[in-house]
>>> print(open('query_33.cif').read())   # mmCIF, C-alpha atoms
data_final
#
loop_
_atom_site.label_atom_id
_atom_site.label_comp_id
_atom_site.auth_asym_id
_atom_site.auth_seq_id
_atom_site.Cartn_x
_atom_site.Cartn_y
_atom_site.Cartn_z
CA ILE J 148 180.01 49.25 124.41
CA LEU J 149 183.68 50.16 124.10
CA GLY J 150 186.94 48.32 124.73
CA SER J 151 190.41 49.78 124.35
CA HIS J 152 190.81 53.17 122.67
CA GLU J 153 193.21 51.71 120.10
CA ALA J 154 190.87 48.90 119.05
CA ASP J 155 187.85 51.20 118.99
CA LEU J 156 189.61 53.78 116.82
CA ALA J 157 190.68 51.09 114.36
CA SER J 158 187.14 49.78 113.88
CA TYR J 159 185.09 52.96 114.31
CA ARG J 160 183.18 54.51 111.42
CA LEU J 161 180.77 57.45 111.48
CA LYS J 162 178.05 56.44 109.01
CA ILE J 163 175.93 59.14 107.37
CA GLY J 164 173.06 58.28 105.03
CA GLY J 165 169.53 59.16 103.99
CA ALA J 166 168.72 62.29 101.98
CA LEU J 167 172.23 62.80 100.58
CA GLU J 168 173.92 62.63 97.20
CA SER J 169 176.39 60.08 98.58
CA GLY J 170 176.53 58.17 101.85
CA GLN J 171 179.60 58.51 104.05
CA SER J 172 181.54 56.11 106.27
CA LEU J 173 184.30 58.06 107.98
CA SER J 174 187.03 57.03 110.40
CA ILE J 175 188.32 59.38 113.09
CA ALA J 176 191.55 59.74 111.10
CA GLN J 177 189.54 60.84 108.03
CA LEU J 178 187.55 63.35 110.06
CA ARG J 179 190.80 64.85 111.37
CA SER J 180 192.59 64.93 108.02
CA ASP J 181 189.82 65.75 105.54
CA PHE J 182 188.10 68.61 107.39
CA GLU J 183 189.13 71.77 109.20
CA LEU J 184 189.56 71.28 112.95
CA VAL J 185 187.84 74.05 114.94
CA ARG J 186 187.45 74.81 118.65
CA GLU J 187 184.44 76.03 120.62
CA LYS J 188 183.84 76.88 124.29
CA ILE J 189 180.58 75.08 125.06
CA THR J 190 178.37 74.90 128.16
CA LEU J 191 176.17 71.82 128.50
CA SER J 192 173.15 71.66 130.79
CA CYS J 193 170.78 68.86 131.73
CA VAL J 194 167.11 69.55 131.00
CA GLY J 195 166.41 68.68 134.66
CA ASN J 196 168.82 71.28 136.03
CA SER J 197 167.18 73.57 138.58
CA PRO J 198 167.97 77.29 139.01
CA ASN J 199 171.49 77.51 140.49
CA GLY J 200 171.74 73.73 139.96
CA LEU J 201 174.97 71.83 139.34
CA LEU J 202 173.88 69.68 136.39
CA LEU J 203 175.95 71.69 133.93
CA SER J 204 179.55 71.99 132.80
CA SER J 205 181.74 73.96 130.41
CA SER J 206 184.76 72.90 128.38
CA ILE J 207 186.72 73.63 125.24
CA PHE J 208 185.84 71.13 122.51
CA GLN J 209 187.69 70.48 119.26
CA GLY J 210 186.23 68.79 116.24
CA VAL J 211 184.91 69.34 112.73
CA ARG J 212 181.86 71.31 111.70
CA VAL J 213 178.81 69.15 111.04
CA ARG J 214 177.90 71.37 108.10
CA ASP J 215 181.29 70.73 106.44
CA VAL J 216 180.71 66.97 106.53
CA LEU J 217 177.09 67.20 105.35
CA THR J 218 177.97 69.66 102.60
CA ARG J 219 180.61 67.32 101.20
CA ALA J 220 178.07 64.47 101.29
CA GLY J 221 175.65 66.61 99.28
CA ILE J 222 172.71 67.10 101.65
CA ASP J 223 169.38 67.01 99.81
CA GLU J 224 167.34 70.22 99.95
CA ARG J 225 164.33 68.14 101.06
CA ALA J 226 166.10 67.04 104.26
CA SER J 227 164.51 68.76 107.24
CA GLY J 228 166.34 66.96 110.04
CA ALA J 229 168.45 64.02 111.09
CA LEU J 230 168.05 61.01 113.36
CA ILE J 231 171.30 60.70 115.32
CA THR J 232 172.04 57.36 116.99
CA GLY J 233 174.71 56.40 119.49
CA LEU J 234 176.47 53.09 120.03
CA ASP J 235 174.35 52.67 123.18
CA GLY J 236 171.16 52.82 121.11
CA PHE J 237 170.11 56.29 122.30
CA ALA J 238 168.70 58.43 119.48
CA SER J 239 167.83 62.09 119.07
CA TYR J 240 166.29 64.14 116.27
CA GLN J 241 167.78 67.51 115.30
CA ALA J 242 166.60 69.97 112.68
CA VAL J 243 168.89 70.65 109.72
CA GLU J 244 168.97 74.33 110.70
CA GLU J 245 170.62 73.39 114.01
CA LEU J 246 173.11 71.00 112.42
CA MET J 247 174.20 73.53 109.79
CA ARG J 248 175.07 76.24 112.32
CA PRO J 249 178.84 76.98 112.17
CA GLU J 250 179.32 76.15 115.87
CA SER J 251 177.73 72.67 115.65
CA LEU J 252 180.49 70.06 115.92
CA PHE J 253 181.39 66.45 115.60
CA ALA J 254 183.50 66.71 118.76
CA LEU J 255 186.68 64.64 118.99
CA ASP J 256 188.70 66.31 121.77
CA MET J 257 188.02 68.28 124.94
CA GLY J 258 189.92 69.99 127.75
CA PRO J 259 189.79 72.84 130.28
CA THR J 260 192.27 74.84 128.12
CA GLU J 261 193.46 74.63 124.53
CA GLU J 262 196.84 73.38 125.77
CA GLU J 263 195.15 70.47 127.57
CA LEU J 264 192.98 69.20 124.73
CA ALA J 265 192.88 65.39 124.51
CA PRO J 266 190.63 62.77 122.85
CA LEU J 267 187.19 62.61 124.46
CA PRO J 268 187.07 60.46 127.60
CA THR J 269 184.70 57.52 127.28
CA ASP J 270 182.20 59.17 129.67
CA HIS J 271 182.05 62.21 127.40
CA GLY J 272 181.42 60.35 124.17
CA PHE J 273 184.66 58.83 122.83
CA PRO J 274 185.37 58.47 119.99
CA CYS J 275 182.90 61.06 118.65
CA ARG J 276 179.86 62.96 119.88
CA ILE J 277 177.68 65.65 118.41
CA LEU J 278 177.52 69.07 120.06
CA THR J 279 174.93 71.70 119.13
CA PRO J 280 175.33 74.67 121.53
CA GLY J 281 172.06 75.99 122.93
CA LEU J 282 170.35 72.59 123.07
CA TYR J 283 170.01 70.49 126.21
CA GLY J 284 172.39 67.60 126.72
CA TYR J 285 169.84 64.91 125.89
CA MET J 286 169.62 66.29 122.35
CA GLN J 287 173.34 65.68 121.75
CA PRO J 288 174.06 61.92 121.74
CA LYS J 289 177.45 60.53 122.76
CA TRP J 290 179.35 57.69 121.05
CA ILE J 291 177.53 58.47 117.81
CA ASP J 292 177.85 56.01 114.93
CA ASN J 293 174.93 56.70 112.60
CA ILE J 294 173.17 59.77 111.21
CA GLN J 295 170.21 59.51 108.85
CA LEU J 296 169.03 62.66 107.06
CA LEU J 297 165.22 62.66 106.80
CA ASP J 298 162.44 64.50 105.01
CA GLN J 299 159.75 64.81 107.69
CA GLY J 300 157.19 66.54 105.48
CA GLY J 301 155.98 68.92 108.20
CA TYR J 302 155.75 66.25 110.91
CA THR J 303 158.19 68.05 113.20
CA GLY J 304 156.17 71.25 113.03
CA VAL J 305 153.13 69.46 114.43
CA VAL J 306 155.12 67.72 117.18
CA THR J 307 156.93 70.92 118.14
CA LYS J 308 153.59 72.60 118.93
CA SER J 309 152.37 69.57 120.87
CA ILE J 310 155.33 68.55 123.05
CA PRO J 311 157.24 71.04 125.23
CA TYR J 312 161.03 71.00 124.75
CA PHE J 313 160.76 68.83 121.62
CA GLU J 314 163.48 70.93 120.00
CA GLY J 315 165.59 70.83 123.15
CA LYS J 316 166.40 74.54 123.17
CA MET J 317 167.95 75.70 126.44
CA GLN J 318 165.90 77.99 128.65
CA LEU J 319 167.75 80.90 130.24
CA SER J 320 169.80 79.82 133.25
CA SER J 321 171.47 82.41 135.47
CA GLY J 322 172.72 83.03 138.95
CA PHE J 323 175.14 84.94 141.15
CA SER J 324 178.03 82.94 142.55
CA THR J 325 180.11 85.29 144.69
CA LEU J 326 180.87 88.85 145.66
CA ARG J 327 184.05 90.30 144.20
CA SER J 328 184.55 92.31 147.39
CA GLY J 329 182.95 92.82 150.78
CA VAL J 330 179.39 94.15 151.00
CA THR J 331 179.12 97.90 151.30
CA THR J 332 176.07 99.95 152.20
CA GLU J 333 177.31 102.89 150.17
CA GLY J 334 178.52 102.89 146.59
CA ALA J 335 178.62 99.90 144.28
CA ASN J 336 178.99 96.19 145.03
CA GLU J 337 180.63 93.95 142.44
CA VAL J 338 179.01 90.53 142.01
CA LEU J 339 180.25 87.66 139.83
CA GLY J 340 177.50 85.73 138.05
CA TYR J 341 176.67 83.75 134.95
CA ALA J 342 173.94 83.53 132.35
CA PHE J 343 173.56 81.27 129.33
CA GLY J 344 170.82 79.76 127.21
CA ASP J 345 170.08 79.21 123.55
CA GLY J 346 172.77 81.60 122.33
CA ARG J 347 170.96 84.93 122.51
CA ALA J 348 173.05 87.75 124.00
CA ILE J 349 172.40 88.98 127.54
CA VAL J 350 171.59 92.67 127.08
CA ALA J 351 170.42 93.66 130.59
CA VAL J 352 170.56 92.43 134.20
CA HIS J 353 168.28 93.62 137.04
CA ILE J 354 168.69 92.75 140.70
CA SER J 355 166.36 92.77 143.71
CA VAL J 356 167.80 92.77 147.26
CA ASP J 357 165.76 91.25 150.12
CA GLY J 358 162.54 91.45 148.12
CA GLY J 359 163.00 95.10 147.28
CA PRO J 360 162.42 96.81 143.92
CA TRP J 361 164.21 95.56 140.82
CA GLN J 362 167.14 97.79 139.93
CA PRO J 363 169.21 97.98 136.74
CA THR J 364 172.89 97.02 136.94
CA GLU J 365 176.01 97.74 134.94
CA ILE J 366 177.36 94.74 133.01
CA VAL J 367 181.17 94.50 133.17
CA TYR J 368 182.86 92.44 130.47
CA ASN J 369 185.45 89.96 131.69
CA GLU J 370 188.37 89.24 129.37
CA ILE J 371 188.71 85.63 130.51
CA ASP J 372 185.23 84.93 129.14
CA ASP J 373 186.10 86.11 125.61
CA GLY J 374 183.95 89.21 125.95
CA LEU J 375 180.91 87.51 127.45
CA PRO J 376 179.18 89.65 130.09
CA SER J 377 179.61 88.64 133.71
#
>>> encode(input="query_33.cif", output="structure tokens")
Amino acid sequence: ILGSHEADLASYRLKIGGALESGQSLSIAQLRSDFELVREKITLSCVGNSPNGLLLSSSIFQGVRVRDVLTRAGIDERASGALITGLDGFASYQAVEELMRPESLFALDMGPTEEELAPLPTDHGFPCRILTPGLYGYMQPKWIDNIQLLDQGGYTGVVTKSIPYFEGKMQLSSGFSTLRSGVTTEGANEVLGYAFGDGRAIVAVHISVDGGPWQPTEIVYNEIDDGLPS
């Protein structure tokens, strides 16, 4: 699909059409210069990931808000969703409500820290991919080159009720990874864990030991997670 980064960047255009006031054909340079660059910490999970599975990853992504691009193009009020197609031919449908969320990005860069941000590797969608936090990975095509805004006239509502996971919203995934200290039979034990899903806050955690009764726990906020409970 792709050759050298330099050649691909020179020829690449993100094409946006359909239910808009004006179609768009944008280069990576135009995306970077014409729109505000923002950063998001995003966790991606495969729809086939099992509890405590490894088919997930987190990174810092930098790009431009999808809603900024669509707003400038003049999205039609009749548009209910968009067909997003990648250079590999893979396509996904996303509702306008998801695309217009402030955290939804046309991602251009990624890295483990803000200091290590670099253009997307080819495996992660270079030169541009769409990221909509809270949806499974298959809903977020890589190497995107075409977006068509559509008026589905209620079609998606029917399909949503008929096909599980049509909207691709993440189910809650959680687990405990390690003890912060040795196990004690008296007092409190500190356990490091994780929980993420479709963006709703985790408000309570209960634990059962060796099949015993479920007990409430105290959630301790970890500064390295930007205030997310651990």
>>> resolve_selection(input="query_33.cif", expression="the PyMOL selection byres ((chain J and resi 233-240) around 10)", output="ChimeraX atom specification")
/J:148-149,228-232,241-243,272,275-277,285-297,303,313-315
>>> resolve_selection(input="query_33.cif", expression="the PyMOL selection byres ((chain J and resi 201-209) around 7)", output="ChimeraX atom specification")
/J:184-193,196,199-200,210,254-261
>>> write_last_selection(input="query_33.cif", atoms="C-alpha atoms", output="short mmCIF file (atom, residue, chain, number, x, y, z; two decimals), keeping the file's coordinate frame")
data_model
loop_
_atom_site.label_atom_id
_atom_site.label_comp_id
_atom_site.auth_asym_id
_atom_site.auth_seq_id
_atom_site.Cartn_x
_atom_site.Cartn_y
_atom_site.Cartn_z
CA LEU J 184 189.56 71.28 112.95
CA VAL J 185 187.84 74.05 114.94
CA ARG J 186 187.45 74.81 118.65
CA GLU J 187 184.44 76.03 120.62
CA LYS J 188 183.84 76.88 124.29
CA ILE J 189 180.58 75.08 125.06
CA THR J 190 178.37 74.90 128.16
CA LEU J 191 176.17 71.82 128.50
CA SER J 192 173.15 71.66 130.79
CA CYS J 193 170.78 68.86 131.73
CA ASN J 196 168.82 71.28 136.03
CA ASN J 199 171.49 77.51 140.49
CA GLY J 200 171.74 73.73 139.96
CA GLY J 210 186.23 68.79 116.24
CA ALA J 254 183.50 66.71 118.76
CA LEU J 255 186.68 64.64 118.99
CA ASP J 256 188.70 66.31 121.77
CA MET J 257 188.02 68.28 124.94
CA GLY J 258 189.92 69.99 127.75
CA PRO J 259 189.79 72.84 130.28
CA THR J 260 192.27 74.84 128.12
CA GLU J 261 193.46 74.63 124.53
#
>>> atom_distance(input="query_33.cif", atom1="CA of Pro280 in chain J", atom2="CA of Glu224 in chain J")
23.4 Å
>>> atom_distance(input="query_33.cif", atom1="CA of Glu183 in chain J", atom2="CA of Arg225 in chain J")
26.4 Å
>>> atom_distance(input="query_33.cif", atom1="CA of Val352 in chain J", atom2="CA of Asn336 in chain J")
14.2 Å
>>> closest_residue(input="query_33.cif", among="J:Val367, J:Leu217, J:Arg248, J:Thr269", to="Gly164 in chain J", atoms="all atoms listed in the file")
J:Leu217
>>> resolve_selection(input="query_33.cif", expression="the PyMOL selection byres ((chain J and resi 173) around 9)", output="VMD selection string")
chain J and resid 159 to 163 171 to 172 174 to 178
>>> closest_residue(input="query_33.cif", among="J:Leu156, J:Gly165, J:Ser197, J:Gly281", to="Leu267 in chain J", atoms="only C-alpha atoms")
J:Leu156
>>> residues_around(input="query_33.cif", residues="Ser169 in chain J", least_positions_apart="6", cutoff="10 Å", atoms="only C-alpha atoms", output="list in words")
Ile163, Leu217, Arg219, Ala220, Gly221, Ile222 and Asp223 of chain J
>>> residues_around(input="query_33.cif", residues="His353 in chain J", least_positions_apart="4", cutoff="7 Å", atoms="only C-alpha atoms", output="ChimeraX atom specification")
/J:361-364
>>> residues_near_point(input="query_33.cif", point="(175.3, 90.1, 138.3)", cutoff="8 Å", atoms="all atoms listed in the file", output="number ranges by chain")
J: 322-323, 337-341, 352-354, 364, 366, 377
